[in-house]
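Shown here: run-v7.cif, mmCIF, C-alpha atoms.
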```cif
data_query
loop_
_atom_site.label_atom_id
_atom_site.label_comp_id
_atom_site.auth_asym_id
_atom_site.auth_seq_id
_atom_site.Cartn_x
_atom_site.Cartn_y
_atom_site.Cartn_z
CA MET A 222 -3.85 9.72 -26.62
CA CYS A 223 -1.99 8.28 -29.62
CA PRO A 224 -3.97 5.35 -30.98
CA ASN A 225 -2.12 2.93 -33.24
CA ILE A 226 1.21 4.70 -32.82
CA GLN A 227 4.23 2.53 -33.60
CA ILE A 228 7.11 2.90 -31.13
CA ASN A 229 10.57 1.58 -31.87
CA VAL A 230 12.24 0.07 -28.82
CA SER A 231 15.41 -1.84 -28.30
CA TYR A 232 16.10 -4.17 -25.40
CA THR A 233 17.92 -7.27 -24.38
CA PHE A 234 15.90 -10.47 -24.10
CA SER A 235 17.29 -13.54 -22.37
CA THR A 236 15.96 -16.80 -21.00
CA CYS A 237 17.17 -18.76 -17.98
CA VAL A 238 16.34 -22.32 -16.99
CA ASN A 239 15.40 -22.98 -13.38
CA GLY A 240 17.60 -25.95 -12.52
CA SER A 241 15.28 -27.37 -9.85
CA ASN A 242 12.25 -27.87 -12.07
CA GLY A 243 13.38 -26.98 -15.59
CA SER A 244 10.94 -24.04 -15.89
CA LEU A 245 11.94 -21.01 -17.92
CA THR A 246 12.10 -17.37 -16.87
CA HIS A 247 12.38 -14.75 -19.58
CA PHE A 248 14.08 -11.42 -18.92
CA VAL A 249 13.58 -8.07 -20.64
CA HIS A 250 16.20 -5.46 -19.75
CA ASN A 251 18.17 -2.52 -21.15
CA LEU A 252 14.98 -1.12 -22.69
CA THR A 253 15.48 2.09 -24.66
CA TYR A 254 13.29 4.20 -26.93
CA ASP A 255 13.31 7.72 -28.34
CA LEU A 256 10.72 9.81 -26.52
CA ASN A 257 11.36 12.71 -28.88
CA ALA A 258 10.46 10.55 -31.89
CA ILE A 259 7.26 9.55 -30.10
CA LYS A 260 6.43 13.23 -29.52
CA ALA A 261 7.04 13.95 -33.20
CA ALA A 262 4.66 11.14 -34.20
CA CYS A 263 2.03 12.19 -31.69
CA PRO A 264 1.48 15.96 -31.26
CA ALA A 265 -1.07 15.25 -28.49
CA LEU A 266 1.80 13.89 -26.39
CA GLN A 267 3.66 17.21 -26.66
CA THR A 268 0.51 19.01 -25.53
CA ALA A 269 0.20 16.65 -22.54
CA ILE A 270 3.88 17.17 -21.68
CA ASN A 271 3.38 20.94 -21.79
CA ASN A 272 0.38 20.65 -19.46
CA HIS A 273 2.23 18.37 -17.02
CA THR A 274 5.23 20.71 -17.04
CA ALA A 275 2.94 23.63 -16.13
CA ASN A 276 1.30 21.54 -13.37
CA GLY A 277 4.60 20.30 -11.92
CA THR A 278 3.74 16.65 -12.65
CA LEU A 279 6.07 16.04 -15.61
CA VAL A 280 8.28 13.44 -13.89
CA SER A 281 5.28 11.36 -12.79
CA PHE A 282 3.79 11.56 -16.28
CA LEU A 283 7.08 10.50 -17.93
CA ASP A 284 7.41 7.62 -15.46
CA MET A 285 3.91 6.46 -16.46
CA ILE A 286 4.85 6.56 -20.16
CA ASP A 287 8.04 4.61 -19.41
CA HIS A 288 6.05 2.02 -17.44
CA ASP A 289 3.45 1.65 -20.19
CA ILE A 290 6.12 1.13 -22.85
CA SER A 291 7.85 -1.53 -20.75
CA MET A 292 4.53 -3.33 -20.08
CA GLN A 293 3.66 -3.34 -23.79
CA THR A 294 7.12 -4.65 -24.65
CA GLU A 295 6.72 -7.44 -22.10
CA TYR A 296 3.24 -8.27 -23.37
CA THR A 297 4.43 -8.35 -26.99
CA GLU A 298 7.18 -10.85 -26.13
CA VAL A 299 4.65 -13.08 -24.35
CA PHE A 300 2.08 -12.73 -27.14
CA ASN A 301 4.58 -13.73 -29.84
CA ALA A 302 5.97 -16.66 -27.85
CA THR A 303 2.58 -18.11 -26.92
CA LYS A 304 1.33 -17.71 -30.48
CA ASN A 305 4.10 -20.04 -31.63
CA TYR A 306 3.63 -22.68 -28.90
CA LYS A 307 -0.12 -23.22 -28.93
CA LEU A 308 -0.34 -26.11 -26.46
CA LYS A 309 2.50 -25.29 -24.08
CA TYR A 310 1.00 -22.32 -22.19
CA LEU A 311 -2.74 -23.15 -22.04
CA CYS A 312 -4.33 -22.12 -18.73
CA GLU A 313 -6.84 -24.98 -18.71
CA THR A 314 -4.18 -27.68 -18.69
CA GLY A 315 -2.51 -26.17 -15.63
CA GLY A 316 0.71 -26.55 -17.53
CA ASN A 317 3.51 -24.14 -17.97
CA TRP A 318 3.26 -20.46 -17.24
CA TYR A 319 5.15 -18.02 -19.40
CA SER A 320 7.20 -16.23 -16.72
CA VAL A 321 8.75 -12.90 -17.54
CA LYS A 322 10.76 -10.36 -15.54
CA TYR A 323 11.38 -6.80 -16.58
CA ILE A 324 14.59 -5.41 -15.08
CA LYS A 325 15.34 -1.70 -14.85
CA ASN A 326 17.73 0.64 -13.08
CA THR A 327 15.85 3.19 -10.98
CA CYS A 328 18.83 5.59 -10.68
CA TYR A 329 18.00 8.05 -13.43
CA LYS A 330 16.52 11.47 -13.91
CA TRP A 331 14.50 13.08 -16.66
CA VAL A 332 16.23 16.08 -18.20
CA VAL A 333 14.87 18.64 -20.65
CA LEU A 334 17.50 19.95 -23.05
CA GLY A 335 17.19 22.53 -25.78
CA ASN A 336 18.41 21.41 -29.20
CA PRO A 337 20.36 24.38 -30.65
CA GLU A 338 19.88 23.14 -34.22
CA THR A 339 16.09 22.89 -34.07
CA GLY A 340 15.22 25.14 -31.15
CA ILE A 341 13.01 22.33 -29.82
CA TYR A 342 13.23 21.09 -26.25
CA GLU A 343 13.95 17.38 -25.99
CA ILE A 344 13.44 15.06 -23.05
CA HIS A 345 16.02 12.45 -22.18
CA GLN A 346 16.42 9.86 -19.44
CA ARG A 347 19.88 10.24 -17.90
CA ASP A 348 21.65 7.57 -15.87
CA CYS A 349 22.93 8.94 -12.55
CA GLY A 350 25.77 6.47 -12.10
CA GLY A 351 24.17 4.61 -9.17
CA TYR A 352 22.29 1.39 -9.52
CA VAL A 353 19.17 0.13 -7.78
CA CYS A 354 17.63 -2.77 -9.65
CA CYS A 355 13.88 -3.11 -9.90
CA ALA A 356 12.45 -6.41 -11.15
CA ARG A 357 8.80 -6.65 -12.21
CA SER A 358 7.56 -10.25 -12.47
CA ASN A 359 4.49 -11.59 -14.26
CA ASP A 360 3.20 -15.03 -15.19
CA TYR A 361 0.96 -15.47 -18.23
CA CYS A 362 -1.06 -18.27 -19.73
CA VAL A 363 -3.34 -18.56 -22.76
CA GLU A 364 -7.04 -18.70 -21.96
CA SER A 365 -8.04 -19.29 -25.59
CA TYR A 366 -7.09 -18.52 -29.17
CA TYR A 367 -9.05 -16.35 -31.55
CA ASN A 368 -8.05 -16.45 -35.23
CA GLY A 369 -4.73 -17.90 -34.13
CA ASP A 370 -3.98 -15.10 -31.66
CA PRO A 371 -3.67 -15.90 -27.96
CA ASN A 372 -6.00 -14.38 -25.37
CA LEU A 373 -3.53 -13.91 -22.49
CA VAL A 374 -4.30 -13.72 -18.80
CA THR A 375 -1.98 -13.17 -15.89
CA GLY A 376 -1.78 -15.90 -13.31
CA THR A 377 -0.75 -13.82 -10.32
CA PRO A 378 -0.69 -10.15 -9.45
CA THR A 379 2.35 -8.28 -10.73
CA HIS A 380 5.20 -8.58 -8.26
CA TYR A 381 7.90 -5.93 -7.78
CA GLN A 382 11.22 -6.65 -6.16
CA LYS A 383 13.88 -4.06 -5.40
CA PHE A 384 17.54 -4.94 -5.07
CA GLU A 385 19.20 -2.33 -2.91
CA GLY A 386 21.90 -0.01 -4.03
CA GLN A 387 22.21 3.72 -3.71
CA CYS A 388 20.86 6.54 -5.84
CA GLU A 389 21.25 10.27 -5.49
CA VAL A 390 18.01 11.66 -4.06
CA GLU A 391 17.03 13.57 -7.22
CA CYS A 392 17.64 10.42 -9.29
CA THR A 393 15.57 7.93 -7.35
CA HIS A 394 12.44 6.48 -8.95
CA ASP A 395 10.21 4.08 -7.07
CA CYS A 396 10.17 0.41 -7.87
CA GLY A 397 6.59 -0.39 -8.77
CA ALA A 398 3.80 0.80 -10.98
CA PRO A 399 3.53 4.60 -11.10
CA ASP A 400 0.48 6.03 -9.38
CA PRO A 401 -1.87 7.41 -12.07
CA ASN A 402 -3.32 9.71 -9.41
CA SER A 403 0.03 11.46 -8.90
CA PHE A 404 -0.55 13.73 -11.88
#
```

The structure in this file should be written as structure tokens.
Amino acid sequence: MCPNIQINVSYTFSTCVNGSNGSLTHFVHNLTYDLNAIKAACPALQTAINNHTANGTLVSFLDMIDHDISMQTEYTEVFNATKNYKLKYLCETGGNWYSVKYIKNTCYKWVVLGNPETGIYEIHQRDCGGYVCCARSNDYCVESYYNGDPNLVTGTPTHYQKFEGQCEVECTHDCGAPDPNSF
């Protein structure tokens, strides 16, 4: 829909050492971005949002966008790290996997607010005060390099883990990949 669009995100990135075997797990959390800036850079997105609003599938569509942004952020972290450590994460050596977990709170709701200054409706993700943690885990290795860039593959299927808490019903979002057939 928006080829080559640049999206500014901010997030916290941390690394933990597994004491039993010394392996590393990398965490991406507190991911934020400005959906309204993305809409401004990509008019086709506004058209899609209008269509999904009319069809009653806006929340599912916004969840898919959120998921795609988090996956690209995760992939970018892995890509940059494996580019710098060319021998460490090779698949063929059966060596180290680059393990990453994306952590997110699923207690939020999407709200559409009118901006009185511009007259434009803006979409925001609002925290509902509750907390249910969803962790998405992936392991990557480098199959090969092409012009110095890694060709990444995942070692296992994506794994989702939900840590229980309590959300208000209208604020609950599932832990897992959004269903592209839901809109």

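Compared by their closest atoms to Asp255 of chain A, and using only C-alpha atoms, the residues A:Asn368, A:Ile228, A:Asn359, A:Asp395 rank with A:Ile228 nearest.
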
Practice task
With a distance cut-off of 12 Å and all atoms listed in the file, select the neighbouring residues of Pro371 of chain A, excluding the residue or stretch itself and same-chain residues fewer than 3 positions from it, and output the selection as JSON, numbers by chain.
Solution key: {"A": [296, 297, 299, 300, 301, 302, 303, 304, 305, 306, 307, 308, 309, 310, 311, 312, 361, 362, 363, 364, 365, 366, 367, 368, 374]}

Please produce an output containing C-alpha atoms for each residue in the selection, written as a PDB file, keeping the file's coordinate frame.
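So the final result, stored in out28.pdb, reads:
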```
ATOM      1  CA  TYR A 296       3.240  -8.270 -23.370  1.00  0.00           C
ATOM      2  CA  THR A 297       4.430  -8.350 -26.990  1.00  0.00           C
ATOM      3  CA  VAL A 299       4.650 -13.080 -24.350  1.00  0.00           C
ATOM      4  CA  PHE A 300       2.080 -12.730 -27.140  1.00  0.00           C
ATOM      5  CA  ASN A 301       4.580 -13.730 -29.840  1.00  0.00           C
ATOM      6  CA  ALA A 302       5.970 -16.660 -27.850  1.00  0.00           C
ATOM      7  CA  THR A 303       2.580 -18.110 -26.920  1.00  0.00           C
ATOM      8  CA  LYS A 304       1.330 -17.710 -30.480  1.00  0.00           C
ATOM      9  CA  ASN A 305       4.100 -20.040 -31.630  1.00  0.00           C
ATOM     10  CA  TYR A 306       3.630 -22.680 -28.900  1.00  0.00           C
ATOM     11  CA  LYS A 307      -0.120 -23.220 -28.930  1.00  0.00           C
ATOM     12  CA  LEU A 308      -0.340 -26.110 -26.460  1.00  0.00           C
ATOM     13  CA  LYS A 309       2.500 -25.290 -24.080  1.00  0.00           C
ATOM     14  CA  TYR A 310       1.000 -22.320 -22.190  1.00  0.00           C
ATOM     15  CA  LEU A 311      -2.740 -23.150 -22.040  1.00  0.00           C
ATOM     16  CA  CYS A 312      -4.330 -22.120 -18.730  1.00  0.00           C
ATOM     17  CA  TYR A 361       0.960 -15.470 -18.230  1.00  0.00           C
ATOM     18  CA  CYS A 362      -1.060 -18.270 -19.730  1.00  0.00           C
ATOM     19  CA  VAL A 363      -3.340 -18.560 -22.760  1.00  0.00           C
ATOM     20  CA  GLU A 364      -7.040 -18.700 -21.960  1.00  0.00           C
ATOM     21  CA  SER A 365      -8.040 -19.290 -25.590  1.00  0.00           C
ATOM     22  CA  TYR A 366      -7.090 -18.520 -29.170  1.00  0.00           C
ATOM     23  CA  TYR A 367      -9.050 -16.350 -31.550  1.00  0.00           C
ATOM     24  CA  ASN A 368      -8.050 -16.450 -35.230  1.00  0.00           C
ATOM     25  CA  VAL A 374      -4.300 -13.720 -18.800  1.00  0.00           C
TER      26      VAL A 374
END
```

Exercise for the section: Apply the PyMOL selection byres ((chain A and resi 260-262) around 12) to the file shown and report the selected residues as a PyMOL selection string. Expected result: chain A and resi 222-229+254-259+263-271+283+286+341-344

Fill in the blank from the handout: Computed gap from atom CA of Ile290 of chain A to atom CA of Phe384 of chain A is 22.0 Å

Practice task
For Cys355 of chain A, list every protein, DNA or RNA residue within 10 Å, evaluated using only C-alpha atoms, and leave out those in the same chain fewer than 3 positions away; present the list as a PyMOL selection string.
Solution key: chain A and resi 322-327+352+358+381-385+394-397

Practice task
Evaluate the PyMOL selection byres ((chain A and resi 233) around 10) here and jot the selected residues down as number ranges by chain.
Solution key: A: 231-232, 234-235, 248-253

Exercise for the section: On this file, the PyMOL selection byres ((chain A and resi 329) around 12) gives some set of residues; write that set as a list in words. Expected result: Val280, Asp284, Lys325, Asn326, Thr327, Cys328, Lys330, Trp331, Val332, His345, Gln346, Arg347, Asp348, Cys349, Gly350, Gly351, Tyr352, Val353, Cys354, Gln387, Cys388, Glu389, Val390, Glu391, Cys392, Thr393, His394 and Asp395 of chain A
